[in-house]
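J.: Contents are PDB, C-alpha atoms; file name upload-v9.pdb:
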ATOM      1  CA  MET A 333       0.000   0.000   0.000
ATOM      2  CA  ALA A 334       2.718   2.440   0.935
ATOM      3  CA  GLY A 335       4.691   1.608  -2.174
ATOM      4  CA  THR A 336       2.045   2.563  -4.706
ATOM      5  CA  ALA A 337       2.713   5.420  -7.115
ATOM      6  CA  LEU A 338       1.321   8.798  -6.171
ATOM      7  CA  LEU A 339      -2.470   8.795  -6.438
ATOM      8  CA  ARG A 340      -2.563   5.485  -8.337
ATOM      9  CA  ALA A 341      -4.911   4.042  -5.746
ATOM     10  CA  PHE A 342      -7.122   7.095  -6.039
ATOM     11  CA  ASN A 343      -7.419   6.743  -9.792
ATOM     12  CA  ARG A 344      -7.965   2.994  -9.505
ATOM     13  CA  THR A 345     -10.872   3.512  -7.131
ATOM     14  CA  LEU A 346     -12.518   6.081  -9.385
ATOM     15  CA  ALA A 347     -12.374   3.570 -12.261
ATOM     16  CA  PRO A 348     -15.408   1.477 -11.286
ATOM     17  CA  LEU A 349     -17.726   4.402 -10.676
ATOM     18  CA  GLY A 350     -19.532   3.858 -13.945
ATOM     19  CA  ARG A 351     -22.620   2.534 -12.222
ATOM     20  CA  PRO A 352     -26.195   3.786 -11.796
ATOM     21  CA  VAL A 353     -26.773   6.418  -9.139
ATOM     22  CA  ARG A 354     -30.085   5.690  -7.472
ATOM     23  CA  SER A 355     -30.540   8.612  -5.115
ATOM     24  CA  THR A 356     -29.669  11.616  -7.202
ATOM     25  CA  GLY A 357     -32.836  13.471  -6.321
ATOM     26  CA  LEU A 358     -32.796  15.105  -9.770
ATOM     27  CA  ARG A 359     -34.029  13.817 -13.130
ATOM     28  CA  ARG A 360     -32.302  16.572 -15.064
ATOM     29  CA  CYS A 361     -29.869  19.231 -13.964
ATOM     30  CA  SER A 362     -31.680  22.541 -13.762
ATOM     31  CA  SER A 363     -30.441  25.304 -16.031
ATOM     32  CA  SER A 364     -29.843  28.842 -14.808
ATOM     33  CA  HIS A 365     -29.555  30.274 -18.317
ATOM     34  CA  ALA A 366     -32.647  31.196 -20.330
ATOM     35  CA  ARG A 367     -32.193  31.406 -24.068
ATOM     36  CA  THR A 368     -33.569  34.279 -26.120
ATOM     37  CA  PRO A 369     -35.766  32.907 -28.944
ATOM     38  CA  ALA A 370     -34.463  33.566 -32.435
ATOM     39  CA  PHE A 371     -37.829  34.995 -33.428
ATOM     40  CA  PHE A 372     -37.517  37.677 -30.745
ATOM     41  CA  PHE A 373     -34.194  38.651 -32.286
ATOM     42  CA  LEU A 374     -35.958  39.158 -35.614
ATOM     43  CA  GLN A 375     -38.599  41.301 -33.940
ATOM     44  CA  VAL A 376     -36.021  43.617 -32.447
ATOM     45  CA  HIS A 377     -33.672  43.920 -35.358
ATOM     46  CA  ARG A 378     -35.968  43.462 -38.329
ATOM     47  CA  GLY A 379     -39.174  45.021 -37.120
ATOM     48  CA  ALA A 380     -40.095  46.379 -40.546
ATOM     49  CA  VAL A 381     -40.097  42.880 -42.039
ATOM     50  CA  LEU A 382     -42.529  41.587 -39.419
ATOM     51  CA  PHE A 383     -45.180  44.151 -40.381
ATOM     52  CA  THR A 384     -45.442  42.510 -43.805
ATOM     53  CA  VAL A 385     -46.345  39.073 -42.308
ATOM     54  CA  PRO A 386     -50.110  38.434 -42.086
ATOM     55  CA  THR A 387     -51.424  37.900 -38.555
ATOM     56  CA  LEU A 388     -52.798  34.436 -39.332
ATOM     57  CA  THR A 389     -49.444  33.359 -40.736
ATOM     58  CA  TYR A 390     -47.707  34.624 -37.590
ATOM     59  CA  VAL A 391     -50.098  32.738 -35.301
ATOM     60  CA  GLY A 392     -49.690  29.616 -37.407
ATOM     61  CA  TYR A 393     -45.923  29.923 -37.189
ATOM     62  CA  GLN A 394     -46.072  30.245 -33.420
ATOM     63  CA  VAL A 395     -48.267  27.132 -33.141
ATOM     64  CA  TYR A 396     -45.959  25.191 -35.447
ATOM     65  CA  ARG A 397     -42.904  26.441 -33.569
ATOM     66  CA  SER A 398     -44.359  25.462 -30.184
ATOM     67  CA  ALA A 399     -45.299  22.019 -31.460
ATOM     68  CA  SER A 400     -41.822  21.545 -32.909
ATOM     69  CA  MET A 401     -40.179  22.533 -29.628
ATOM     70  CA  VAL A 402     -42.382  20.124 -27.662
ATOM     71  CA  HIS A 403     -41.582  17.348 -30.109
ATOM     72  CA  ALA A 404     -37.850  18.076 -29.849
ATOM     73  CA  LEU A 405     -38.020  18.028 -26.053
ATOM     74  CA  ASP A 406     -39.971  14.776 -26.072
ATOM     75  CA  LYS A 407     -37.432  13.245 -28.440
ATOM     76  CA  ALA A 408     -34.540  14.364 -26.241
ATOM     77  CA  GLU A 409     -36.198  12.885 -23.153
ATOM     78  CA  GLU A 410     -36.809   9.659 -25.036
ATOM     79  CA  VAL A 411     -33.130   9.388 -25.987
ATOM     80  CA  LEU A 412     -32.030  10.154 -22.425
ATOM     81  CA  GLU A 413     -34.365   7.498 -21.037
ATOM     82  CA  GLN A 414     -33.017   4.994 -23.538
ATOM     83  CA  ALA A 415     -29.474   5.974 -22.586
ATOM     84  CA  ASP A 416     -30.181   5.514 -18.886
ATOM     85  CA  TYR A 417     -31.724   2.102 -19.572
ATOM     86  CA  LEU A 418     -28.651   0.988 -21.537
ATOM     87  CA  TYR A 419     -26.400   2.296 -18.775
ATOM     88  CA  GLY A 420     -28.309   0.415 -16.098
ATOM     89  CA  SER A 421     -28.152  -2.714 -18.245
ATOM     90  CA  GLY A 422     -24.392  -2.477 -18.696
ATOM     91  CA  GLU A 423     -24.678  -2.040 -22.480
ATOM     92  CA  THR A 424     -21.583   0.163 -22.664
ATOM     93  CA  GLU A 425     -20.844  -0.020 -26.377
ATOM     94  CA  ARG A 426     -24.468   0.461 -27.464
ATOM     95  CA  LEU A 427     -24.796   3.366 -25.056
ATOM     96  CA  TYR A 428     -21.677   5.012 -26.421
ATOM     97  CA  GLN A 429     -22.878   4.670 -30.031
ATOM     98  CA  LEU A 430     -26.300   6.084 -29.137
ATOM     99  CA  LEU A 431     -24.926   9.131 -27.341
ATOM    100  CA  LEU A 432     -22.178   9.718 -29.889
ATOM    101  CA  GLN A 433     -24.909  10.738 -32.330
ATOM    102  CA  HIS A 434     -25.507  13.712 -30.006
ATOM    103  CA  ARG A 435     -21.888  14.726 -29.510
ATOM    104  CA  ASN A 436     -22.641  18.200 -30.910
ATOM    105  CA  SER A 437     -25.526  18.722 -28.508
ATOM    106  CA  GLU A 438     -25.836  21.941 -26.537
ATOM    107  CA  ASP A 439     -27.498  20.047 -23.679
ATOM    108  CA  ALA A 440     -25.332  19.208 -20.670
ATOM    109  CA  GLU A 441     -27.508  16.142 -20.024
ATOM    110  CA  PHE A 442     -26.259  14.514 -23.213
ATOM    111  CA  LEU A 443     -22.687  15.683 -22.753
ATOM    112  CA  TRP A 444     -22.046  14.418 -19.221
ATOM    113  CA  ARG A 445     -23.608  11.087 -20.115
ATOM    114  CA  LEU A 446     -21.350  10.915 -23.158
ATOM    115  CA  ALA A 447     -18.348  11.669 -20.935
ATOM    116  CA  ARG A 448     -19.350   8.793 -18.664
ATOM    117  CA  ALA A 449     -19.959   6.460 -21.611
ATOM    118  CA  SER A 450     -16.574   7.302 -23.175
ATOM    119  CA  ARG A 451     -14.885   6.615 -19.856
ATOM    120  CA  ASP A 452     -16.734   3.331 -19.329
ATOM    121  CA  LEU A 453     -15.776   2.220 -22.817
ATOM    122  CA  ALA A 454     -12.130   3.024 -22.077
ATOM    123  CA  LEU A 455     -12.276   0.653 -19.103
ATOM    124  CA  LEU A 456     -13.381  -2.397 -21.093
ATOM    125  CA  GLU A 457     -10.842  -5.219 -21.314
ATOM    126  CA  ASN A 458     -10.933  -5.441 -25.111
ATOM    127  CA  ILE A 459      -9.900  -1.787 -25.561
ATOM    128  CA  SER A 460      -6.286  -1.230 -26.649
ATOM    129  CA  ALA A 461      -3.945   1.069 -24.728
ATOM    130  CA  GLN A 462      -4.108   3.694 -27.481
ATOM    131  CA  GLN A 463      -7.892   3.563 -27.649
ATOM    132  CA  LYS A 464      -8.097   3.854 -23.880
ATOM    133  CA  LYS A 465      -5.967   6.984 -23.881
ATOM    134  CA  SER A 466      -7.984   8.536 -26.696
ATOM    135  CA  LEU A 467     -11.298   7.755 -24.991
ATOM    136  CA  THR A 468      -9.999   9.066 -21.660
ATOM    137  CA  TYR A 469      -9.199  12.465 -23.137
ATOM    138  CA  GLU A 470     -12.427  12.410 -25.136
ATOM    139  CA  ALA A 471     -14.396  11.822 -21.924
ATOM    140  CA  LEU A 472     -12.722  14.808 -20.274
ATOM    141  CA  GLU A 473     -13.569  17.019 -23.252
ATOM    142  CA  PHE A 474     -17.247  16.046 -23.138
ATOM    143  CA  ALA A 475     -17.371  16.650 -19.381
ATOM    144  CA  LYS A 476     -15.747  20.050 -19.851
ATOM    145  CA  ARG A 477     -18.310  20.988 -22.485
ATOM    146  CA  ALA A 478     -21.127  19.857 -20.184
ATOM    147  CA  LEU A 479     -19.852  22.275 -17.535
ATOM    148  CA  GLU A 480     -19.629  25.078 -20.080
ATOM    149  CA  LYS A 481     -23.245  24.477 -21.096
ATOM    150  CA  ASN A 482     -24.596  24.272 -17.559
ATOM    151  CA  GLU A 483     -22.475  25.101 -14.538
ATOM    152  CA  ALA A 484     -25.428  24.241 -12.300
ATOM    153  CA  CYS A 485     -25.427  20.575 -13.372
ATOM    154  CA  PHE A 486     -24.112  18.493 -10.482
ATOM    155  CA  ALA A 487     -23.418  15.461 -12.713
ATOM    156  CA  ALA A 488     -21.234  17.566 -15.002
ATOM    157  CA  HIS A 489     -19.083  18.561 -12.017
ATOM    158  CA  LYS A 490     -18.866  14.978 -10.772
ATOM    159  CA  TRP A 491     -17.834  13.452 -14.090
ATOM    160  CA  TYR A 492     -15.444  16.288 -14.852
ATOM    161  CA  ALA A 493     -13.682  15.508 -11.574
ATOM    162  CA  VAL A 494     -13.585  11.777 -12.331
ATOM    163  CA  CYS A 495     -12.373  12.257 -15.916
ATOM    164  CA  LEU A 496      -9.743  14.778 -14.848
ATOM    165  CA  SER A 497      -8.418  12.204 -12.402
ATOM    166  CA  ASP A 498      -8.230   9.611 -15.186
ATOM    167  CA  VAL A 499      -6.212  11.938 -17.412
ATOM    168  CA  GLY A 500      -3.687  12.290 -14.593
ATOM    169  CA  GLU A 501      -2.353   8.840 -15.490
ATOM    170  CA  TYR A 502      -0.938  10.347 -18.688
ATOM    171  CA  GLU A 503       0.126  13.756 -17.397
ATOM    172  CA  GLY A 504       2.767  13.003 -14.785
ATOM    173  CA  THR A 505       3.023  13.497 -11.024
ATOM    174  CA  LYS A 506       3.180  17.289 -10.979
ATOM    175  CA  VAL A 507       0.058  17.724 -13.088
ATOM    176  CA  LYS A 508      -1.701  14.966 -11.169
ATOM    177  CA  ILE A 509      -1.111  16.661  -7.825
ATOM    178  CA  GLY A 510      -2.104  20.036  -9.242
ATOM    179  CA  ASN A 511      -5.305  18.555 -10.628
ATOM    180  CA  SER A 512      -6.167  17.042  -7.257
ATOM    181  CA  TYR A 513      -7.133  20.484  -5.941
ATOM    182  CA  ILE A 514      -9.452  21.016  -8.918
ATOM    183  CA  ILE A 515     -10.909  17.541  -8.526
ATOM    184  CA  ARG A 516     -11.908  18.197  -4.944
ATOM    185  CA  GLN A 517     -13.416  21.587  -5.808
ATOM    186  CA  HIS A 518     -15.677  20.055  -8.437
ATOM    187  CA  LEU A 519     -16.698  17.182  -6.191
ATOM    188  CA  GLU A 520     -17.616  19.630  -3.444
ATOM    189  CA  ARG A 521     -19.603  21.661  -5.967
ATOM    190  CA  ALA A 522     -21.418  18.507  -7.102
ATOM    191  CA  VAL A 523     -22.401  17.723  -3.509
ATOM    192  CA  GLU A 524     -23.458  21.340  -2.951
ATOM    193  CA  LEU A 525     -25.744  21.166  -5.995
ATOM    194  CA  ASN A 526     -27.114  17.733  -5.090
ATOM    195  CA  PRO A 527     -26.543  16.623  -1.482
ATOM    196  CA  LYS A 528     -28.443  13.408  -2.232
ATOM    197  CA  ASP A 529     -25.852  12.067  -4.676
ATOM    198  CA  ALA A 530     -24.080   9.414  -2.636
ATOM    199  CA  THR A 531     -21.395   8.665  -5.215
ATOM    200  CA  SER A 532     -20.036  12.224  -5.221
ATOM    201  CA  ILE A 533     -19.752  12.030  -1.440
ATOM    202  CA  HIS A 534     -18.088   8.613  -1.695
ATOM    203  CA  ILE A 535     -15.476   9.920  -4.144
ATOM    204  CA  LEU A 536     -14.719  12.810  -1.780
ATOM    205  CA  GLY A 537     -14.159  10.201   0.920
ATOM    206  CA  TYR A 538     -11.742   8.315  -1.266
ATOM    207  CA  TRP A 539      -9.936  11.532  -2.174
ATOM    208  CA  CYS A 540      -9.279  12.006   1.541
ATOM    209  CA  PHE A 541      -8.340   8.347   2.054
ATOM    210  CA  ALA A 542      -5.857   8.438  -0.841
ATOM    211  CA  PHE A 543      -4.002  11.447   0.526
ATOM    212  CA  ALA A 544      -4.218  10.251   4.123
ATOM    213  CA  GLU A 545      -2.415   7.020   3.212
ATOM    214  CA  LEU A 546       0.407   8.638   1.218
ATOM    215  CA  PRO A 547       3.727   7.581   2.770
ATOM    216  CA  TRP A 548       6.005  10.260   4.184
ATOM    217  CA  TYR A 549       8.426  10.214   1.252
ATOM    218  CA  GLN A 550       5.617  10.874  -1.244
ATOM    219  CA  HIS A 551       4.414  13.740   0.915
ATOM    220  CA  LYS A 552       7.963  15.058   0.764
ATOM    221  CA  VAL A 553       8.011  14.816  -3.031
ATOM    222  CA  ALA A 554       4.672  16.637  -3.201
ATOM    223  CA  ALA A 555       5.983  19.348  -0.865
ATOM    224  CA  MET A 556       8.939  19.901  -3.185
ATOM    225  CA  ILE A 557       6.558  20.516  -6.098
ATOM    226  CA  PHE A 558       3.886  22.522  -4.281
ATOM    227  CA  ALA A 559       4.261  24.867  -1.347
ATOM    228  CA  SER A 560       1.044  23.490   0.144
ATOM    229  CA  PRO A 561       0.478  19.933  -1.117
ATOM    230  CA  PRO A 562      -3.002  18.445  -0.638
ATOM    231  CA  THR A 563      -3.478  16.699   2.677
ATOM    232  CA  ALA A 564      -6.301  14.797   4.349
ATOM    233  CA  THR A 565      -6.970  12.519   7.320
ATOM    234  CA  TYR A 566      -8.673   9.174   7.794
ATOM    235  CA  GLU A 567     -11.188  10.925  10.041
ATOM    236  CA  GLU A 568     -12.221  13.128   7.097
ATOM    237  CA  ALA A 569     -12.482  10.105   4.816
ATOM    238  CA  LEU A 570     -14.603   8.275   7.378
ATOM    239  CA  ALA A 571     -16.990  11.216   7.690
ATOM    240  CA  PHE A 572     -17.616  11.242   3.931
ATOM    241  CA  PHE A 573     -18.070   7.466   3.686
ATOM    242  CA  LEU A 574     -20.561   7.540   6.582
ATOM    243  CA  GLN A 575     -22.372  10.497   5.013
ATOM    244  CA  ALA A 576     -22.681   8.634   1.714
ATOM    245  CA  GLU A 577     -24.116   5.627   3.538
ATOM    246  CA  HIS A 578     -26.566   7.858   5.390
ATOM    247  CA  VAL A 579     -27.749   9.437   2.126
ATOM    248  CA  ASP A 580     -28.240   6.076   0.399
ATOM    249  CA  PRO A 581     -27.780   3.026   2.640
ATOM    250  CA  ASN A 582     -26.097   0.009   1.063
ATOM    251  CA  PHE A 583     -25.854   1.793  -2.303
ATOM    252  CA  TYR A 584     -22.369   0.615  -3.233
ATOM    253  CA  SER A 585     -20.264  -2.345  -2.170
ATOM    254  CA  LYS A 586     -17.057  -0.290  -2.407
ATOM    255  CA  ASN A 587     -18.358   2.245   0.115
ATOM    256  CA  LEU A 588     -18.928  -0.569   2.611
ATOM    257  CA  LEU A 589     -15.409  -1.855   1.986
ATOM    258  CA  MET A 590     -13.876   1.609   2.374
ATOM    259  CA  LEU A 591     -15.677   2.096   5.666
ATOM    260  CA  GLY A 592     -14.111  -1.124   6.902
ATOM    261  CA  LYS A 593     -10.654  -0.169   5.625
ATOM    262  CA  THR A 594     -10.861   3.320   7.123
ATOM    263  CA  TYR A 595     -11.844   1.957  10.539
ATOM    264  CA  LEU A 596      -8.887  -0.423  10.245
ATOM    265  CA  MET A 597      -6.540   2.518   9.654
ATOM    266  CA  LEU A 598      -8.045   4.172  12.741
ATOM    267  CA  LYS A 599      -7.416   0.970  14.769
ATOM    268  CA  ASP A 600     -11.141   0.515  15.436
ATOM    269  CA  HIS A 601     -11.302  -3.210  14.751
ATOM    270  CA  GLY A 602     -14.853  -3.642  16.020
ATOM    271  CA  ASN A 603     -16.409  -1.216  13.523
ATOM    272  CA  ALA A 604     -13.982  -2.394  10.851
ATOM    273  CA  ALA A 605     -15.270  -5.952  11.180
ATOM    274  CA  THR A 606     -18.890  -4.779  11.058
ATOM    275  CA  TRP A 607     -18.480  -2.961   7.746
ATOM    276  CA  LEU A 608     -16.202  -5.562   6.217
ATOM    277  CA  CYS A 609     -18.828  -8.223   6.928
ATOM    278  CA  LYS A 610     -21.397  -6.054   5.127
ATOM    279  CA  ALA A 611     -19.038  -5.717   2.183
ATOM    280  CA  ARG A 612     -18.429  -9.466   2.146
ATOM    281  CA  ASP A 613     -22.153 -10.233   2.181
ATOM    282  CA  TYR A 614     -23.091  -7.656  -0.463
ATOM    283  CA  PRO A 615     -24.781  -9.357  -3.484
ATOM    284  CA  ALA A 616     -22.228  -9.681  -6.292
ATOM    285  CA  HIS A 617     -23.920  -8.039  -9.280
ATOM    286  CA  ASN A 618     -20.744  -7.439 -11.262
ATOM    287  CA  ALA A 619     -16.981  -7.996 -11.356
ATOM    288  CA  GLU A 620     -16.322  -5.107  -9.014
ATOM    289  CA  ASP A 621     -18.650  -6.513  -6.355
ATOM    290  CA  LYS A 622     -16.766  -9.819  -6.597
ATOM    291  CA  GLN A 623     -13.454  -8.021  -6.081
ATOM    292  CA  VAL A 624     -14.895  -6.219  -3.074
ATOM    293  CA  HIS A 625     -16.069  -9.551  -1.658
ATOM    294  CA  GLU A 626     -12.621 -11.099  -2.045
ATOM    295  CA  GLU A 627     -10.840  -8.147  -0.441
ATOM    296  CA  ALA A 628     -13.306  -8.053   2.441
ATOM    297  CA  VAL A 629     -12.823 -11.787   3.066
ATOM    298  CA  ALA A 630      -9.038 -11.366   3.087
ATOM    299  CA  LEU A 631      -9.176  -8.468   5.527
ATOM    300  CA  LEU A 632     -11.577 -10.321   7.824
ATOM    301  CA  LYS A 633      -9.166 -13.268   7.943
ATOM    302  CA  LYS A 634      -6.457 -10.900   9.184
ATOM    303  CA  LEU A 635      -8.863  -9.726  11.870
ATOM    304  CA  LYS A 636      -9.648 -13.393  12.584
ATOM    305  CA  VAL A 637     -13.377 -12.782  12.159
TER     306      VAL A 637
END
Output the structure of this file as structure tokens.

T.:
Amino acid sequence: MAGTALLRAFNRTLAPLGRPVRSTGLRRCSSSHARTPAFFFLQVHRGAVLFTVPTLTYVGYQVYRSASMVHALDKAEEVLEQADYLYGSGETERLYQLLLQHRNSEDAEFLWRLARASRDLALLENISAQQKKSLTYEALEFAKRALEKNEACFAAHKWYAVCLSDVGEYEGTKVKIGNSYIIRQHLERAVELNPKDATSIHILGYWCFAFAELPWYQHKVAAMIFASPPTATYEEALAFFLQAEHVDPNFYSKNLLMLGKTYLMLKDHGNAATWLCKARDYPAHNAEDKQVHEEAVALLKKLKV
């Protein structure tokens, strides 16, 4: 554990977070920016032209325009629902191809989902190293665009933080440490916008755990690069993991495991055993859950439970 490369464990833990979030509390991220209709622009700047349009034609245009907008919104919602179904079903490649058709969208809802889909695709075993790198940077670009389109979208902040962490694997230690400040800021913003999103809180907990477990020599390296390197404690990590569990009990096998591991680091073997048993007994829905089960079993053996 102490010999791992700087932040490698942090990035490894973020990797499996491509999973459904059940307690988001929000269907769509609310937008704080109202758009001015193009027709209004014509009214202001080409008023003389409008006087030549018959009233009935104008009313008909407005009805047609309203119907078209409703249809477009319905279509967008339909695509998003289909995307969420594919995501929940683990259909990563189909999801990516569906959302890629909307890569030029101005809607943050499409863009953050596309960032997540690109990232999930990069994590598949059959993806080459070059493809993985390309998809990793592509995911970050989509997440960045989602933020530009709607700063008030909590999911855009969350996936920007996750994707920025992924890119750190290709950028070197100095950039990785520098990005860690930005990552935490966006995670905190995501939680501020949606306190019911347990995964954002969980990732904040792991951010703290990763920096709390850095060995002294890596802290020294970080201090040589930055005057004030990022620091955290196991107590902070524990608070976030417990908060995530309070928001959405039993939502994620990895959160149960991290609670057990954090209590172990704090020498509280009683609580450690309690949470590790929960992690061990969590239904294995996917490969990650199986890995969590195996690690929990191994740790419980060391505790002789």

J.: So what do you get for CA of Leu412 in chain A versus CA of Leu467 in chain A, distance-wise?

T.: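 Distance between the two atoms: 21.0 Å.
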
J.: Please write the residues picked by the PyMOL selection byres ((chain A and resi 522-532) around 7) on this file as a PyMOL selection string.

T.: chain A and resi 355-357+486-487+489-490+518-521+533-536+576+579-580

J.: What does the structure give for the distance between CA of Ile515 in chain A and CA of Gly500 in chain A, in Å to one decimal?

T.: 10.8 Å

J.: Counting only C-alpha atoms, which of A:Tyr614, A:Tyr469, A:Phe583, A:Trp539 gets nearest to Ile514 in chain A?

T.: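 Selected residue with least distance to Ile514 in chain A: A:Trp539.
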
J.: Apply the PyMOL selection byres ((chain A and resi 630) around 12) to the structure shown and report the selected residues as a PyMOL selection string.

T.: chain A and resi 589+593+605+608-609+611-612+623-629+631-637

J.: Report the residues retrieved by the PyMOL selection byres ((chain A and resi 592) around 8) from the displayed file, expressed as a VMD selection string.

T.: chain A and resid 588 to 591 593 to 596 603 to 608

J.: Can you tell me how far CA of Ala408 in chain A sits from CA of Leu472 in chain A, in Å to one decimal?

T.: 22.6 Å

J.: For range 417-434 of chain A, find every residue with an atom within 7 Å (counting all atoms listed in the file), except residues of its own chain fewer than 6 positions away, and show them as an MDAnalysis selection string.

T.: chainID A and resid 352 442 446 449:450 452:453

J.: Which of these residues is nearest to Tyr566 in chain A, using all atoms listed in the file: A:Pro581, A:Glu483, A:Tyr538, A:Gly504?

T.: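 For Tyr566 in chain A, the nearest of the given residues is A:Tyr538.
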
J.: With all atoms listed in the file as the atoms that count, which of A:Lys481, A:Lys476, A:Lys465, A:Lys586 lies nearest to Gly537 in chain A?

T.: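 Checking each candidate against Gly537 in chain A, we get A:Lys586 as the closest.
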
J.: I want to know what sits within 10 Å of Cys540 in chain A, based on only C-alpha atoms, with residues of the same chain fewer than 4 positions away left out; could you give that as a list of chain:residue names?

T.: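 Everything that qualifies: A:Phe342, A:Arg516, A:His534, A:Ile535, A:Leu536, A:Ala544, A:Glu545, A:Pro562, A:Thr563, A:Ala564, A:Thr565, A:Tyr566, A:Glu567, A:Glu568, A:Ala569, A:Leu570, A:Ala571, A:Phe572.
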
J.: Might I get the box with edges along x, y and z of the file that holds all atoms of range 555-558 of chain A listed there, padded by 6 Å on every side, given as centre and edge lengths in Å to one decimal, as AutoDock Vina command-line options?

T.:
--center_x 6.4 --center_y 20.9 --center_z -3.5 --size_x 17.1 --size_y 15.2 --size_z 17.2

J.: For Glu409 in chain A, which residue among A:Ala488, A:Met597, A:Glu441, A:Ala619 is the nearest when counting all atoms listed in the file?

T.: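 That would be A:Glu441, the residue with the smallest distance to Glu409 in chain A.
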